[in-house]
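S.K.: Provided herewith: final-v4.csv, CSV, C-alpha atoms.
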chain,number,residue,atom,x,y,z
A,1,VAL,CA,1.3,6.6,20.0
A,2,ALA,CA,1.3,6.9,16.3
A,3,ALA,CA,3.6,4.8,14.1
A,4,HIS,CA,2.5,6.5,10.9
A,5,THR,CA,2.6,10.2,10.2
A,6,ALA,CA,-0.6,11.3,8.5
A,7,ASP,CA,-1.6,14.8,7.3
A,8,LEU,CA,-4.2,14.9,10.0
A,9,ALA,CA,-4.2,17.1,13.1
A,10,ALA,CA,-4.3,15.2,16.4
A,11,PRO,CA,-7.8,15.2,17.9
A,12,ALA,CA,-8.4,17.4,20.9
A,13,GLY,CA,-7.1,15.9,24.1
A,14,VAL,CA,-4.8,13.4,22.3
A,15,ASP,CA,-1.1,13.3,22.8
A,16,VAL,CA,0.7,11.9,19.7
A,17,VAL,CA,4.0,10.2,20.0
A,18,HIS,CA,5.6,9.4,16.6
A,19,ALA,CA,7.5,6.2,16.3
A,20,GLY,CA,9.5,5.3,13.2
A,21,SER,CA,10.3,1.7,13.9
A,22,ALA,CA,8.9,-1.3,15.8
A,23,LEU,CA,11.5,-0.8,18.5
A,24,GLU,CA,10.6,2.8,18.9
A,25,LEU,CA,6.9,1.9,19.0
A,26,ARG,CA,7.7,-0.8,21.7
A,27,ASP,CA,9.4,1.8,23.9
A,28,ALA,CA,6.7,4.4,23.5
A,29,MET,CA,3.9,1.9,24.1
A,30,HIS,CA,5.5,0.6,27.3
A,31,ALA,CA,5.9,4.2,28.5
A,32,VAL,CA,2.3,5.2,27.9
A,33,ALA,CA,0.8,1.9,29.0
A,34,ALA,CA,2.4,2.3,32.5
A,35,THR,CA,-0.4,4.8,33.4
A,36,ALA,CA,-3.2,3.9,31.0
A,37,ASP,CA,-6.5,2.3,32.0
A,38,VAL,CA,-7.0,1.0,28.4
A,39,VAL,CA,-4.4,0.1,25.8
A,40,VAL,CA,-5.5,-0.3,22.2
A,41,MET,CA,-2.8,-1.9,20.1
A,42,ALA,CA,-4.0,-1.2,16.5
A,43,ALA,CA,-0.6,-0.8,14.8
A,44,ALA,CA,0.3,-3.2,12.1
A,45,VAL,CA,3.9,-3.8,13.0
A,46,ALA,CA,6.0,-5.9,10.6
A,47,ASP,CA,6.9,-9.3,12.0
A,48,PHE,CA,10.5,-9.0,10.9
A,49,ARG,CA,13.1,-6.3,10.3
A,50,PRO,CA,16.6,-6.3,8.6
A,51,VAL,CA,19.4,-7.3,11.0
A,52,SER,CA,21.5,-4.4,9.7
A,53,ALA,CA,21.2,-1.5,7.4
A,54,VAL,CA,23.7,0.2,5.1
A,55,GLY,CA,24.0,4.0,5.0
A,56,HIS,CA,24.1,4.1,1.3
A,57,LYS,CA,22.2,3.0,-1.8
A,58,ILE,CA,22.9,-0.6,-2.8
A,59,LYS,CA,24.1,-0.1,-6.4
A,60,LYS,CA,23.2,-2.3,-9.3
A,61,THR,CA,26.1,-4.5,-10.4
A,62,ASP,CA,26.7,-7.5,-12.7
A,63,ARG,CA,25.7,-9.8,-9.8
A,64,ASP,CA,22.7,-10.0,-7.6
A,65,PRO,CA,22.8,-8.4,-4.2
A,66,ASP,CA,23.5,-10.4,-1.0
A,67,PRO,CA,20.3,-11.6,0.7
A,68,VAL,CA,18.9,-9.4,3.4
A,69,ALA,CA,19.1,-11.1,6.8
A,70,LEU,CA,16.0,-10.6,8.9
A,71,THR,CA,15.3,-10.8,12.6
A,72,ARG,CA,12.0,-11.0,14.5
A,73,ASN,CA,10.4,-7.8,15.8
A,74,PRO,CA,9.2,-7.9,19.4
A,75,ASP,CA,5.6,-8.9,20.0
A,76,ILE,CA,4.5,-5.6,21.5
A,77,LEU,CA,0.9,-6.8,22.2
A,78,ALA,CA,2.1,-9.9,24.1
A,79,GLU,CA,4.6,-7.8,26.1
A,80,LEU,CA,1.9,-5.3,27.0
A,81,VAL,CA,-0.4,-8.1,28.1
A,82,ALA,CA,2.4,-9.6,30.2
A,83,ALA,CA,3.1,-6.2,31.9
A,84,ARG,CA,-0.6,-5.4,32.4
A,85,ARG,CA,-1.6,-4.1,35.8
A,86,PRO,CA,-4.8,-5.2,37.6
A,87,GLY,CA,-7.8,-3.5,36.1
A,88,GLN,CA,-6.0,-2.5,32.9
A,89,VAL,CA,-7.8,-3.5,29.7
A,90,VAL,CA,-5.6,-4.5,26.7
A,91,VAL,CA,-7.1,-4.6,23.2
A,92,GLY,CA,-5.5,-6.0,20.1
A,93,PHE,CA,-6.3,-6.1,16.4
A,94,ALA,CA,-5.9,-9.0,13.9
A,95,ALA,CA,-5.9,-8.4,10.2
A,96,GLU,CA,-6.3,-12.0,9.0
A,97,THR,CA,-6.7,-14.1,5.8
A,98,GLY,CA,-8.3,-17.5,5.8
A,99,ASP,CA,-7.1,-20.5,3.9
A,100,ASP,CA,-8.5,-23.9,2.8
A,101,VAL,CA,-8.3,-25.2,6.3
A,102,THR,CA,-8.8,-22.3,8.7
A,103,SER,CA,-11.2,-19.4,8.6
A,104,VAL,CA,-10.4,-15.8,9.4
A,105,LEU,CA,-12.5,-16.1,12.6
A,106,ASP,CA,-10.6,-19.3,13.7
A,107,TYR,CA,-7.3,-17.6,13.2
A,108,GLY,CA,-8.6,-14.7,15.3
A,109,ARG,CA,-9.7,-17.0,18.1
A,110,ALA,CA,-6.2,-18.6,18.1
A,111,LYS,CA,-4.5,-15.2,18.2
A,112,LEU,CA,-6.7,-14.1,21.1
A,113,LYS,CA,-5.7,-17.2,23.1
A,114,ARG,CA,-2.0,-16.8,22.1
A,115,LYS,CA,-1.8,-13.1,23.0
A,116,GLY,CA,-3.9,-13.1,26.1
A,117,CYS,CA,-5.5,-9.7,25.6
A,118,ASP,CA,-9.0,-8.8,26.9
A,119,TRP,CA,-10.4,-8.0,23.5
A,120,LEU,CA,-9.4,-8.7,19.9
A,121,VAL,CA,-10.9,-7.0,16.8
A,122,VAL,CA,-10.6,-9.4,13.9
A,123,ASN,CA,-10.8,-8.2,10.3
A,124,ALA,CA,-10.7,-10.1,7.1
A,125,VAL,CA,-8.2,-8.5,4.7
A,126,GLY,CA,-7.7,-8.6,0.9
A,127,ASP,CA,-9.8,-7.9,-2.1
A,128,GLY,CA,-10.9,-4.5,-1.0
A,129,LYS,CA,-11.3,-5.4,2.7
A,130,ALA,CA,-9.8,-3.6,5.7
A,131,PHE,CA,-7.0,-1.5,4.3
A,132,GLU,CA,-7.4,1.6,2.1
A,133,VAL,CA,-11.2,1.4,2.1
A,134,GLU,CA,-13.7,3.5,4.0
A,135,ASP,CA,-15.8,0.7,5.4
A,136,ASN,CA,-15.0,-2.5,7.3
A,137,ALA,CA,-16.5,-5.4,9.1
A,138,GLY,CA,-15.3,-8.0,11.5
A,139,TRP,CA,-15.7,-9.6,14.9
A,140,LEU,CA,-15.0,-8.5,18.4
A,141,LEU,CA,-13.7,-11.4,20.4
A,142,SER,CA,-13.5,-11.3,24.2
A,143,ALA,CA,-11.2,-13.3,26.5
A,144,ASP,CA,-14.3,-14.5,28.3
A,145,GLY,CA,-15.4,-16.3,25.1
A,146,ALA,CA,-17.9,-13.7,23.9
A,147,GLU,CA,-18.0,-13.1,20.1
A,148,ARG,CA,-19.8,-10.1,18.6
A,149,PRO,CA,-20.0,-9.7,14.8
A,150,ILE,CA,-19.4,-6.2,13.6
A,151,PRO,CA,-21.6,-5.6,10.6
A,152,HIS,CA,-20.2,-4.0,7.4
A,153,GLY,CA,-20.1,-0.2,7.9
A,154,SER,CA,-17.9,2.7,8.6
A,155,LYS,CA,-14.7,2.3,10.5
A,156,ALA,CA,-16.1,4.9,13.0
A,157,ARG,CA,-19.0,2.4,13.6
A,158,LEU,CA,-16.4,-0.4,14.2
A,159,ALA,CA,-14.5,1.9,16.6
A,160,SER,CA,-17.8,2.7,18.5
A,161,ALA,CA,-18.6,-1.0,18.8
A,162,LEU,CA,-15.2,-1.6,20.3
A,163,TRP,CA,-15.4,1.4,22.8
A,164,ASP,CA,-18.9,0.4,23.8
A,165,ALA,CA,-17.6,-3.1,24.7
A,166,VAL,CA,-14.5,-1.8,26.5
A,167,ALA,CA,-16.7,0.7,28.5
A,168,THR,CA,-19.1,-2.0,29.5
A,169,SER,CA,-16.3,-4.4,30.6
A,170,THR,CA,-14.4,-1.7,32.6
A,171,LYS,CA,-17.6,-0.8,34.6
A,172,ALA,CA,-17.1,-4.0,36.5
A,173,ARG,CA,-13.6,-3.3,37.6
A,174,PRO,CA,-11.8,-0.3,39.1
A,175,PRO,CA,-9.5,1.8,37.0
A,176,ALA,CA,-5.9,0.5,36.7
A,177,HIS,CA,-4.3,3.5,38.4
A,178,GLY,CA,-7.1,4.8,40.7
A,179,ARG,CA,-8.6,7.5,38.5
Could you take the file, read its structure, and then write that structure out as structure tokens?
M.R.:
Amino acid sequence: VAAHTADLAAPAGVDVVHAGSALELRDAMHAVAATADVVVMAAAVADFRPVSAVGHKIKKTDRDPDPVALTRNPDILAELVAARRPGQVVVGFAAETGDDVTSVLDYGRAKLKRKGCDWLVVNAVGDGKAFEVEDNAGWLLSADGAERPIPHGSKARLASALWDAVATSTKARPPAHGR
């Protein structure tokens, strides 16, 4: 499932389903997760969306526009974890910033616990990190408490580290749908 349209061709053997909103992504992910052995939820879905939209441009006037009311988007990762079948592996991503009290890694640990997925890839964001850059670094956290740092390198290297971990963890359990 792809929530963003890029000018790239789909890799061989990959079915792409385009989703233009968090609600469309939710529906598509539940549909494909129903038969998947591994679900990787790497989309950065906005936490909130407008309650309603207008079908026209909001014109400038002498007064400020009305505030835009927001509503919470569904927590797709948490829903997929709740609907997980025996043997299915669910992977999430966490683009995090730290603060004066809590580190990026601590926020990632809390998110892993809150979401309940099998693996969580945690990236520090900001100041040329994670988004719109060629290289990345982070941590791979497991529900069993294992933590693996992912050294700075290409995003392909990060993806390989994730797939190696998933492949190793799935050898111990049967496929989710008998393949």
S.K.: Set out as CSV a contact list for region 76-119 of chain A and region 144-147 of chain A with a cut-off of 10 Å, giving each residue of region 76-119 of chain A that qualifies its closest atom pair and distance in Å to one decimal, counting only C-alpha atoms, ordered by chain and rising residue number.
M.R.:
residue,atom,partner,partner_atom,distance
A:Leu105,CA,A:Glu147,CA,9.8
A:Arg109,CA,A:Gly145,CA,9.1
A:Leu112,CA,A:Gly145,CA,9.8
A:Lys113,CA,A:Gly145,CA,9.9
A:Asp118,CA,A:Asp144,CA,7.9
A:Trp119,CA,A:Asp144,CA,9.0
S.K.: Can you write out the residues you just picked, keeping C-alpha atoms, as a PDB file, in the frame of the given file?
M.R.:
ATOM      1  CA  LEU A 105     -12.500 -16.100  12.600  1.00  0.00           C
ATOM      2  CA  ARG A 109      -9.700 -17.000  18.100  1.00  0.00           C
ATOM      3  CA  LEU A 112      -6.700 -14.100  21.100  1.00  0.00           C
ATOM      4  CA  LYS A 113      -5.700 -17.200  23.100  1.00  0.00           C
ATOM      5  CA  ASP A 118      -9.000  -8.800  26.900  1.00  0.00           C
ATOM      6  CA  TRP A 119     -10.400  -8.000  23.500  1.00  0.00           C
TER       7      TRP A 119
END
S.K.: Enumerate, in order of chain and increasing residue number, the residues of region 18-73 of chain A with an atom no farther than 12 Å from region 165-170 of chain A, each with its shortest atom pair and distance in Å to one decimal, counting all atoms listed in the file, as a tab-separated table.
M.R.:
residue	atom	partner	partner_atom	distance
A:Asp37	CA	A:Thr170	CA	8.9
A:Val38	CA	A:Val166	CA	8.2
A:Val39	CA	A:Val166	CA	10.3
A:Val40	CA	A:Val166	CA	10.1
S.K.: How would you write as a PyMOL selection string the residues that get within 12 Å of (-7.4, -13.0, 27.4) in the file's frame, counting only C-alpha atoms?
M.R.: chain A and resi 77-78+81-82+84+88-92+109-120+141-146
S.K.: Point out the residue among A:Arg49, A:Gly138, A:Ala83, A:Asn73 with the least atom-to-atom distance to Glu96 (chain A), counting all atoms listed in the file.
M.R.: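 Checking each of A:Arg49, A:Gly138, A:Ala83, A:Asn73 against Glu96 (chain A), counting all atoms listed in the file, the winner is A:Gly138.
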S.K.: Using CA of Val17 (chain A) and CA of Asp75 (chain A) as the two end points, give the distance in Å to one decimal.
M.R.: 19.2 Å
S.K.: State, in Å with one decimal place, the distance from CA of Asp135 (chain A) to CA of Thr102 (chain A).
M.R.: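 Going from CA of Asp135 (chain A) over to CA of Thr102 (chain A), I get 24.3 Å.
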S.K.: Give me, as a ChimeraX atom specification, all polymer residues having an atom no more than 9 Å from Leu158 (chain A), counting only C-alpha atoms and skipping those fewer than 3 positions away in the same chain.
M.R.: /A:121,135-138,150-155,161-163
S.K.: Could you jot down the CA of Ser160 (chain A) to CA of Arg148 (chain A) separation for me, Å, one decimal place?
M.R.: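 Value for the CA of Ser160 (chain A)-CA of Arg148 (chain A) distance: 13.0 Å.
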S.K.: In terms of the shortest atom-to-atom distance over all atoms listed in the file, which of A:Gly20, A:Pro11, A:Pro67, A:Gly108 is closest to Val45 (chain A)?
M.R.: A:Gly20
S.K.: Let me make sure I understand: among A:Ala19, A:Ala42, A:Ala34, A:Val68, which one has the smallest atom-to-atom distance to Arg85 (chain A) if we use only C-alpha atoms?
M.R.: A:Ala34
S.K.: Counting all atoms listed in the file, which residue out of A:Pro149, A:Gly98, A:Gly87, A:Gly13 sits closest to Gly126 (chain A)?
M.R.: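 With all atoms listed in the file as the atom set, the closest residue is A:Gly98.
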